[in-house]
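A.B. asks: As input, take work.txt (compact mmCIF, N, CA and C atoms):
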# COMPACT_ATOMS: atom_id res chain seq x y z
N MET A 154 10.93 -98.43 15.58
CA MET A 154 10.26 -97.31 16.17
C MET A 154 9.01 -97.00 15.35
N PRO A 155 7.86 -96.83 15.96
CA PRO A 155 6.64 -96.55 15.21
C PRO A 155 6.69 -95.17 14.58
N PRO A 156 5.89 -94.97 13.53
CA PRO A 156 5.89 -93.65 12.90
C PRO A 156 5.39 -92.59 13.86
N HIS A 157 5.95 -91.39 13.76
CA HIS A 157 5.58 -90.30 14.66
C HIS A 157 4.73 -89.29 13.90
N PHE A 158 3.45 -89.57 13.80
CA PHE A 158 2.56 -88.58 13.22
C PHE A 158 1.19 -88.71 13.84
N GLN A 159 0.50 -87.58 13.89
CA GLN A 159 -0.86 -87.55 14.39
C GLN A 159 -1.71 -86.87 13.34
N LEU A 160 -3.01 -87.07 13.44
CA LEU A 160 -3.94 -86.45 12.50
C LEU A 160 -4.75 -85.39 13.22
N ASP A 161 -4.98 -84.28 12.52
CA ASP A 161 -5.82 -83.23 13.11
C ASP A 161 -7.28 -83.52 12.78
N GLU A 162 -8.16 -82.57 13.08
CA GLU A 162 -9.60 -82.80 12.88
C GLU A 162 -9.98 -82.97 11.41
N ASP A 163 -9.12 -82.48 10.48
CA ASP A 163 -9.40 -82.65 9.04
C ASP A 163 -8.69 -83.85 8.45
N ASN A 164 -8.14 -84.72 9.31
CA ASN A 164 -7.37 -85.90 8.89
C ASN A 164 -6.09 -85.53 8.14
N ASP A 165 -5.55 -84.34 8.41
CA ASP A 165 -4.25 -83.96 7.86
C ASP A 165 -3.18 -84.37 8.86
N VAL A 166 -2.01 -84.70 8.36
CA VAL A 166 -0.93 -85.18 9.22
C VAL A 166 -0.31 -84.02 9.97
N ILE A 167 -0.17 -84.19 11.29
CA ILE A 167 0.57 -83.26 12.13
C ILE A 167 1.95 -83.87 12.30
N HIS A 168 2.97 -83.17 11.83
CA HIS A 168 4.32 -83.72 11.78
C HIS A 168 5.07 -83.46 13.07
N ASP A 169 5.75 -84.49 13.60
CA ASP A 169 6.57 -84.37 14.79
C ASP A 169 8.03 -84.31 14.37
N ALA A 170 8.62 -83.11 14.40
CA ALA A 170 9.99 -82.92 13.93
C ALA A 170 11.02 -83.60 14.82
N GLU A 171 10.69 -83.91 16.05
CA GLU A 171 11.65 -84.54 16.96
C GLU A 171 11.85 -86.02 16.65
N ALA A 172 11.07 -86.58 15.76
CA ALA A 172 11.13 -88.01 15.50
C ALA A 172 12.33 -88.42 14.65
N PHE A 173 13.12 -87.47 14.18
CA PHE A 173 14.18 -87.79 13.23
C PHE A 173 15.53 -88.04 13.88
N SER A 174 15.70 -87.70 15.13
CA SER A 174 17.01 -87.83 15.76
C SER A 174 16.90 -88.60 17.06
N LEU A 175 17.85 -89.47 17.28
CA LEU A 175 17.92 -90.18 18.54
C LEU A 175 18.73 -89.38 19.55
N ALA A 176 19.58 -88.48 19.08
CA ALA A 176 20.40 -87.65 19.95
C ALA A 176 20.07 -86.18 19.67
N THR A 177 20.55 -85.32 20.54
CA THR A 177 20.33 -83.89 20.33
C THR A 177 21.21 -83.40 19.18
N GLU A 178 20.85 -82.28 18.62
CA GLU A 178 21.61 -81.71 17.52
C GLU A 178 23.04 -81.38 17.95
N SER A 179 23.24 -80.96 19.20
CA SER A 179 24.58 -80.64 19.68
C SER A 179 25.47 -81.89 19.74
N ALA A 180 24.87 -83.04 19.98
CA ALA A 180 25.64 -84.29 19.99
C ALA A 180 26.17 -84.60 18.59
N TYR A 181 25.37 -84.36 17.58
CA TYR A 181 25.82 -84.57 16.20
C TYR A 181 26.89 -83.55 15.83
N GLN A 182 26.74 -82.30 16.26
CA GLN A 182 27.73 -81.27 15.97
C GLN A 182 29.07 -81.61 16.60
N ALA A 183 29.06 -82.20 17.78
CA ALA A 183 30.31 -82.55 18.46
C ALA A 183 30.98 -83.76 17.82
N ALA A 184 30.20 -84.67 17.27
CA ALA A 184 30.75 -85.93 16.77
C ALA A 184 31.10 -85.89 15.28
N TYR A 185 30.41 -85.08 14.50
CA TYR A 185 30.58 -85.11 13.05
C TYR A 185 31.51 -84.01 12.56
N SER A 186 32.19 -84.30 11.46
CA SER A 186 32.97 -83.27 10.79
C SER A 186 31.99 -82.31 10.11
N PRO A 187 32.44 -81.11 9.74
CA PRO A 187 31.53 -80.16 9.09
C PRO A 187 30.89 -80.72 7.81
N LEU A 188 31.65 -81.47 7.03
CA LEU A 188 31.09 -82.05 5.81
C LEU A 188 30.00 -83.06 6.13
N ARG A 189 30.26 -83.96 7.06
CA ARG A 189 29.25 -84.96 7.43
C ARG A 189 28.02 -84.30 8.04
N LEU A 190 28.24 -83.27 8.84
CA LEU A 190 27.12 -82.55 9.44
C LEU A 190 26.27 -81.88 8.37
N TYR A 191 26.91 -81.29 7.37
CA TYR A 191 26.19 -80.65 6.27
C TYR A 191 25.38 -81.69 5.48
N LEU A 192 26.00 -82.81 5.16
CA LEU A 192 25.30 -83.86 4.41
C LEU A 192 24.13 -84.44 5.22
N ARG A 193 24.35 -84.63 6.52
CA ARG A 193 23.28 -85.12 7.38
C ARG A 193 22.11 -84.15 7.38
N GLN A 194 22.41 -82.86 7.47
CA GLN A 194 21.35 -81.86 7.50
C GLN A 194 20.55 -81.84 6.20
N LEU A 195 21.23 -82.03 5.07
CA LEU A 195 20.52 -82.12 3.78
C LEU A 195 19.53 -83.29 3.78
N VAL A 196 19.99 -84.44 4.26
CA VAL A 196 19.13 -85.63 4.29
C VAL A 196 17.98 -85.44 5.27
N VAL A 197 18.25 -84.92 6.46
CA VAL A 197 17.21 -84.73 7.46
C VAL A 197 16.15 -83.75 6.96
N ASP A 198 16.58 -82.67 6.32
CA ASP A 198 15.62 -81.72 5.77
C ASP A 198 14.73 -82.36 4.70
N LYS A 199 15.33 -83.18 3.86
CA LYS A 199 14.55 -83.87 2.81
C LYS A 199 13.54 -84.83 3.43
N VAL A 200 13.96 -85.57 4.43
CA VAL A 200 13.06 -86.52 5.10
C VAL A 200 11.93 -85.77 5.80
N LYS A 201 12.24 -84.65 6.43
CA LYS A 201 11.20 -83.87 7.10
C LYS A 201 10.16 -83.35 6.12
N ARG A 202 10.59 -83.00 4.92
CA ARG A 202 9.63 -82.54 3.90
C ARG A 202 8.78 -83.67 3.35
N GLU A 203 9.38 -84.84 3.17
CA GLU A 203 8.68 -85.94 2.51
C GLU A 203 7.88 -86.82 3.45
N ASN A 204 8.25 -86.89 4.70
CA ASN A 204 7.61 -87.81 5.64
C ASN A 204 6.12 -87.54 5.84
N PRO A 205 5.68 -86.29 6.01
CA PRO A 205 4.24 -86.08 6.18
C PRO A 205 3.42 -86.49 4.96
N LYS A 206 3.99 -86.29 3.77
CA LYS A 206 3.29 -86.70 2.55
C LYS A 206 3.16 -88.22 2.49
N LEU A 207 4.25 -88.90 2.80
CA LEU A 207 4.23 -90.36 2.79
C LEU A 207 3.28 -90.91 3.84
N ALA A 208 3.28 -90.31 5.03
CA ALA A 208 2.39 -90.76 6.09
C ALA A 208 0.93 -90.57 5.70
N ALA A 209 0.62 -89.46 5.03
CA ALA A 209 -0.76 -89.22 4.60
C ALA A 209 -1.19 -90.24 3.55
N ILE A 210 -0.30 -90.57 2.63
CA ILE A 210 -0.62 -91.58 1.61
C ILE A 210 -0.84 -92.94 2.27
N GLN A 211 0.04 -93.31 3.19
CA GLN A 211 -0.12 -94.59 3.88
C GLN A 211 -1.41 -94.63 4.69
N HIS A 212 -1.75 -93.53 5.34
CA HIS A 212 -2.99 -93.48 6.12
C HIS A 212 -4.22 -93.61 5.22
N ARG A 213 -4.17 -92.98 4.06
CA ARG A 213 -5.31 -92.98 3.15
C ARG A 213 -5.59 -94.36 2.57
N TYR A 214 -4.53 -95.11 2.25
CA TYR A 214 -4.71 -96.38 1.54
C TYR A 214 -4.55 -97.61 2.42
N ARG A 215 -4.31 -97.42 3.69
CA ARG A 215 -4.07 -98.57 4.55
C ARG A 215 -5.37 -99.33 4.83
N SER A 216 -5.25 -100.66 4.82
CA SER A 216 -6.39 -101.51 5.14
C SER A 216 -5.84 -102.83 5.68
N PRO A 217 -6.64 -103.57 6.43
CA PRO A 217 -6.16 -104.87 6.95
C PRO A 217 -5.74 -105.83 5.84
N GLU A 218 -6.45 -105.80 4.70
CA GLU A 218 -6.12 -106.69 3.60
C GLU A 218 -4.75 -106.35 3.01
N LEU A 219 -4.48 -105.05 2.81
CA LEU A 219 -3.18 -104.65 2.27
C LEU A 219 -2.07 -104.92 3.28
N ASP A 220 -2.36 -104.73 4.56
CA ASP A 220 -1.36 -105.04 5.58
C ASP A 220 -0.95 -106.51 5.50
N ARG A 221 -1.92 -107.40 5.39
CA ARG A 221 -1.61 -108.83 5.29
C ARG A 221 -0.84 -109.13 4.00
N LEU A 222 -1.25 -108.52 2.89
CA LEU A 222 -0.56 -108.73 1.62
C LEU A 222 0.91 -108.35 1.74
N PHE A 223 1.19 -107.20 2.33
CA PHE A 223 2.58 -106.76 2.42
C PHE A 223 3.38 -107.58 3.42
N VAL A 224 2.75 -108.06 4.47
CA VAL A 224 3.45 -108.95 5.41
C VAL A 224 3.83 -110.24 4.70
N PHE A 225 2.90 -110.85 4.00
CA PHE A 225 3.18 -112.11 3.32
C PHE A 225 4.15 -111.92 2.15
N SER A 226 3.98 -110.85 1.37
CA SER A 226 4.91 -110.64 0.25
C SER A 226 6.30 -110.28 0.76
N GLY A 227 6.38 -109.63 1.91
CA GLY A 227 7.69 -109.33 2.48
C GLY A 227 8.41 -110.58 2.94
N MET A 228 7.65 -111.60 3.29
CA MET A 228 8.27 -112.84 3.74
C MET A 228 8.78 -113.69 2.58
N LEU A 229 8.40 -113.38 1.34
CA LEU A 229 8.83 -114.20 0.21
C LEU A 229 10.34 -114.15 0.02
N GLY A 230 10.99 -113.07 0.40
CA GLY A 230 12.43 -112.99 0.29
C GLY A 230 13.13 -113.28 1.60
N ASN A 231 12.39 -113.67 2.58
CA ASN A 231 12.92 -113.90 3.91
C ASN A 231 13.38 -115.35 4.04
N HIS A 232 14.40 -115.59 4.85
CA HIS A 232 14.88 -116.96 5.02
C HIS A 232 13.82 -117.85 5.66
N SER A 233 12.90 -117.28 6.43
CA SER A 233 11.84 -118.09 7.04
C SER A 233 10.94 -118.70 5.97
N PHE A 234 10.65 -117.94 4.92
CA PHE A 234 9.82 -118.46 3.84
C PHE A 234 10.47 -119.70 3.22
N PHE A 235 11.78 -119.62 2.96
CA PHE A 235 12.45 -120.74 2.34
C PHE A 235 12.53 -121.95 3.27
N MET A 236 12.62 -121.71 4.56
CA MET A 236 12.65 -122.81 5.53
C MET A 236 11.29 -123.52 5.56
N ILE A 237 10.21 -122.76 5.38
CA ILE A 237 8.87 -123.33 5.44
C ILE A 237 8.47 -123.93 4.09
N ALA A 238 8.75 -123.23 2.99
CA ALA A 238 8.26 -123.64 1.68
C ALA A 238 9.10 -124.75 1.04
N LEU A 239 10.37 -124.78 1.33
CA LEU A 239 11.23 -125.79 0.71
C LEU A 239 11.55 -126.89 1.73
N PRO A 240 11.36 -128.16 1.33
CA PRO A 240 11.65 -129.25 2.28
C PRO A 240 13.14 -129.42 2.52
Show the structure stored in the file as structure tokens.

C.D. replies:
Amino acid sequence: MPPHFQLDEDNDVIHDAEAFSLATESAYQAAYSPLRLYLRQLVVDKVKRENPKLAAIQHRYRSPELDRLFVFSGMLGNHSFFMIALP
């Protein structure tokens, strides 16, 4: 799923809070025990706080050269790399 953020006129990230759940909150309340629901809410709140900051950093430093570098370096641990590089 692509990142859910937009930029305003000052290039600040506009955060979309709906991007964190595939189901409605009531679906999680019906399926989870109170402890799991509490732990999930802690994690979701933390992600909601940190995601706009991370998106802004990625937007600021992103470039085609870095994109290629990360694609190629990500393949170094991939089985496809070993199939291609090793006879």

A.B. asks: May I ask for the distance between CA of Leu190 in chain A and CA of Glu178 in chain A, given in Å to one decimal place?

C.D. replies: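 Interatomic distance, CA of Leu190 in chain A to CA of Glu178 in chain A: 9.8 Å.
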
A.B. asks: Residues near Tyr181 in chain A, anyone? I mean within 12 Å using only C-alpha atoms, not counting same-chain ones fewer than 4 positions away, as a PyMOL selection string.

C.D. replies: chain A and resi 174-177+185-194

A.B. asks: Between atom N of Arg221 in chain A and CA of Lys199 in chain A, what is the distance in Å, rounded to a tenth?

C.D. replies: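 Straight-line distance from atom N of Arg221 in chain A to CA of Lys199 in chain A works out to 28.8 Å.
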
A.B. asks: Using Å and a single decimal, report how far CA of Lys206 in chain A sits from CA of Leu222 in chain A.

C.D. replies: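 Result for CA of Leu222 in chain A versus CA of Lys206 in chain A: 22.4 Å, one decimal.
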
A.B. asks: Within range 158-238 of chain A, find each residue whose DSSP state, derived from the backbone, is alpha helix (DSSP H), and express the selection as number ranges by chain.

C.D. replies: A: 178-184, 187-214, 217-228, 232-238

A.B. asks: Could you complete range 228-239 of chain A so that it carries all heavy atoms, and give it back as a compact mmCIF listing (two decimals), keeping the file's coordinate frame?

C.D. replies:
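Saved the output as out31.txt:
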# COMPACT_ATOMS: atom_id res chain seq x y z
N MET A 228 7.65 -111.60 3.29
CA MET A 228 8.27 -112.84 3.74
C MET A 228 8.78 -113.69 2.58
O MET A 228 9.55 -114.63 2.80
CB MET A 228 7.28 -113.64 4.57
CG MET A 228 6.98 -113.00 5.91
SD MET A 228 5.90 -114.00 6.90
CE MET A 228 7.01 -115.32 7.36
N LEU A 229 8.40 -113.38 1.34
CA LEU A 229 8.83 -114.20 0.21
C LEU A 229 10.34 -114.15 0.02
O LEU A 229 10.93 -115.10 -0.49
CB LEU A 229 8.12 -113.76 -1.07
CG LEU A 229 6.62 -114.05 -1.11
CD1 LEU A 229 6.01 -113.50 -2.37
CD2 LEU A 229 6.35 -115.53 -0.98
N GLY A 230 10.99 -113.07 0.40
CA GLY A 230 12.43 -112.99 0.29
C GLY A 230 13.13 -113.28 1.60
O GLY A 230 14.34 -113.15 1.70
N ASN A 231 12.39 -113.67 2.58
CA ASN A 231 12.92 -113.90 3.91
C ASN A 231 13.38 -115.35 4.04
O ASN A 231 12.82 -116.25 3.44
CB ASN A 231 11.80 -113.60 4.92
CG ASN A 231 12.28 -113.54 6.33
OD1 ASN A 231 13.17 -114.26 6.72
ND2 ASN A 231 11.65 -112.68 7.10
N HIS A 232 14.40 -115.59 4.85
CA HIS A 232 14.88 -116.96 5.02
C HIS A 232 13.82 -117.85 5.66
O HIS A 232 13.81 -119.06 5.42
CB HIS A 232 16.16 -116.97 5.86
CG HIS A 232 15.96 -116.56 7.28
ND1 HIS A 232 15.88 -115.25 7.66
CD2 HIS A 232 15.81 -117.31 8.38
CE1 HIS A 232 15.68 -115.20 8.97
NE2 HIS A 232 15.64 -116.43 9.43
N SER A 233 12.90 -117.28 6.43
CA SER A 233 11.84 -118.09 7.04
C SER A 233 10.94 -118.70 5.97
O SER A 233 10.48 -119.84 6.12
CB SER A 233 10.99 -117.24 7.99
OG SER A 233 11.78 -116.73 9.01
N PHE A 234 10.65 -117.94 4.92
CA PHE A 234 9.82 -118.46 3.84
C PHE A 234 10.47 -119.70 3.22
O PHE A 234 9.82 -120.72 2.99
CB PHE A 234 9.58 -117.40 2.78
CG PHE A 234 8.94 -117.92 1.53
CD1 PHE A 234 7.58 -118.18 1.49
CD2 PHE A 234 9.69 -118.19 0.39
CE1 PHE A 234 6.98 -118.67 0.34
CE2 PHE A 234 9.10 -118.68 -0.75
CZ PHE A 234 7.74 -118.93 -0.78
N PHE A 235 11.78 -119.62 2.96
CA PHE A 235 12.45 -120.74 2.34
C PHE A 235 12.53 -121.95 3.27
O PHE A 235 12.50 -123.09 2.83
CB PHE A 235 13.83 -120.32 1.85
CG PHE A 235 13.79 -119.30 0.76
CD1 PHE A 235 14.07 -117.99 1.01
CD2 PHE A 235 13.40 -119.66 -0.52
CE1 PHE A 235 14.01 -117.04 0.00
CE2 PHE A 235 13.34 -118.74 -1.54
CZ PHE A 235 13.63 -117.42 -1.27
N MET A 236 12.62 -121.71 4.56
CA MET A 236 12.65 -122.81 5.53
C MET A 236 11.29 -123.52 5.56
O MET A 236 11.21 -124.73 5.75
CB MET A 236 12.99 -122.29 6.92
CG MET A 236 14.37 -121.71 7.04
SD MET A 236 15.65 -122.92 6.89
CE MET A 236 15.49 -123.75 8.44
N ILE A 237 10.21 -122.76 5.38
CA ILE A 237 8.87 -123.33 5.44
C ILE A 237 8.47 -123.93 4.09
O ILE A 237 7.93 -125.03 4.02
CB ILE A 237 7.84 -122.25 5.85
CG1 ILE A 237 8.11 -121.80 7.29
CG2 ILE A 237 6.41 -122.76 5.69
CD1 ILE A 237 7.33 -120.56 7.69
N ALA A 238 8.75 -123.23 2.99
CA ALA A 238 8.26 -123.64 1.68
C ALA A 238 9.10 -124.75 1.04
O ALA A 238 8.57 -125.55 0.29
CB ALA A 238 8.23 -122.43 0.74
N LEU A 239 10.37 -124.78 1.33
CA LEU A 239 11.23 -125.79 0.71
C LEU A 239 11.55 -126.89 1.73
O LEU A 239 11.95 -126.60 2.84
CB LEU A 239 12.53 -125.16 0.21
CG LEU A 239 12.37 -124.05 -0.83
CD1 LEU A 239 13.72 -123.43 -1.12
CD2 LEU A 239 11.74 -124.60 -2.09
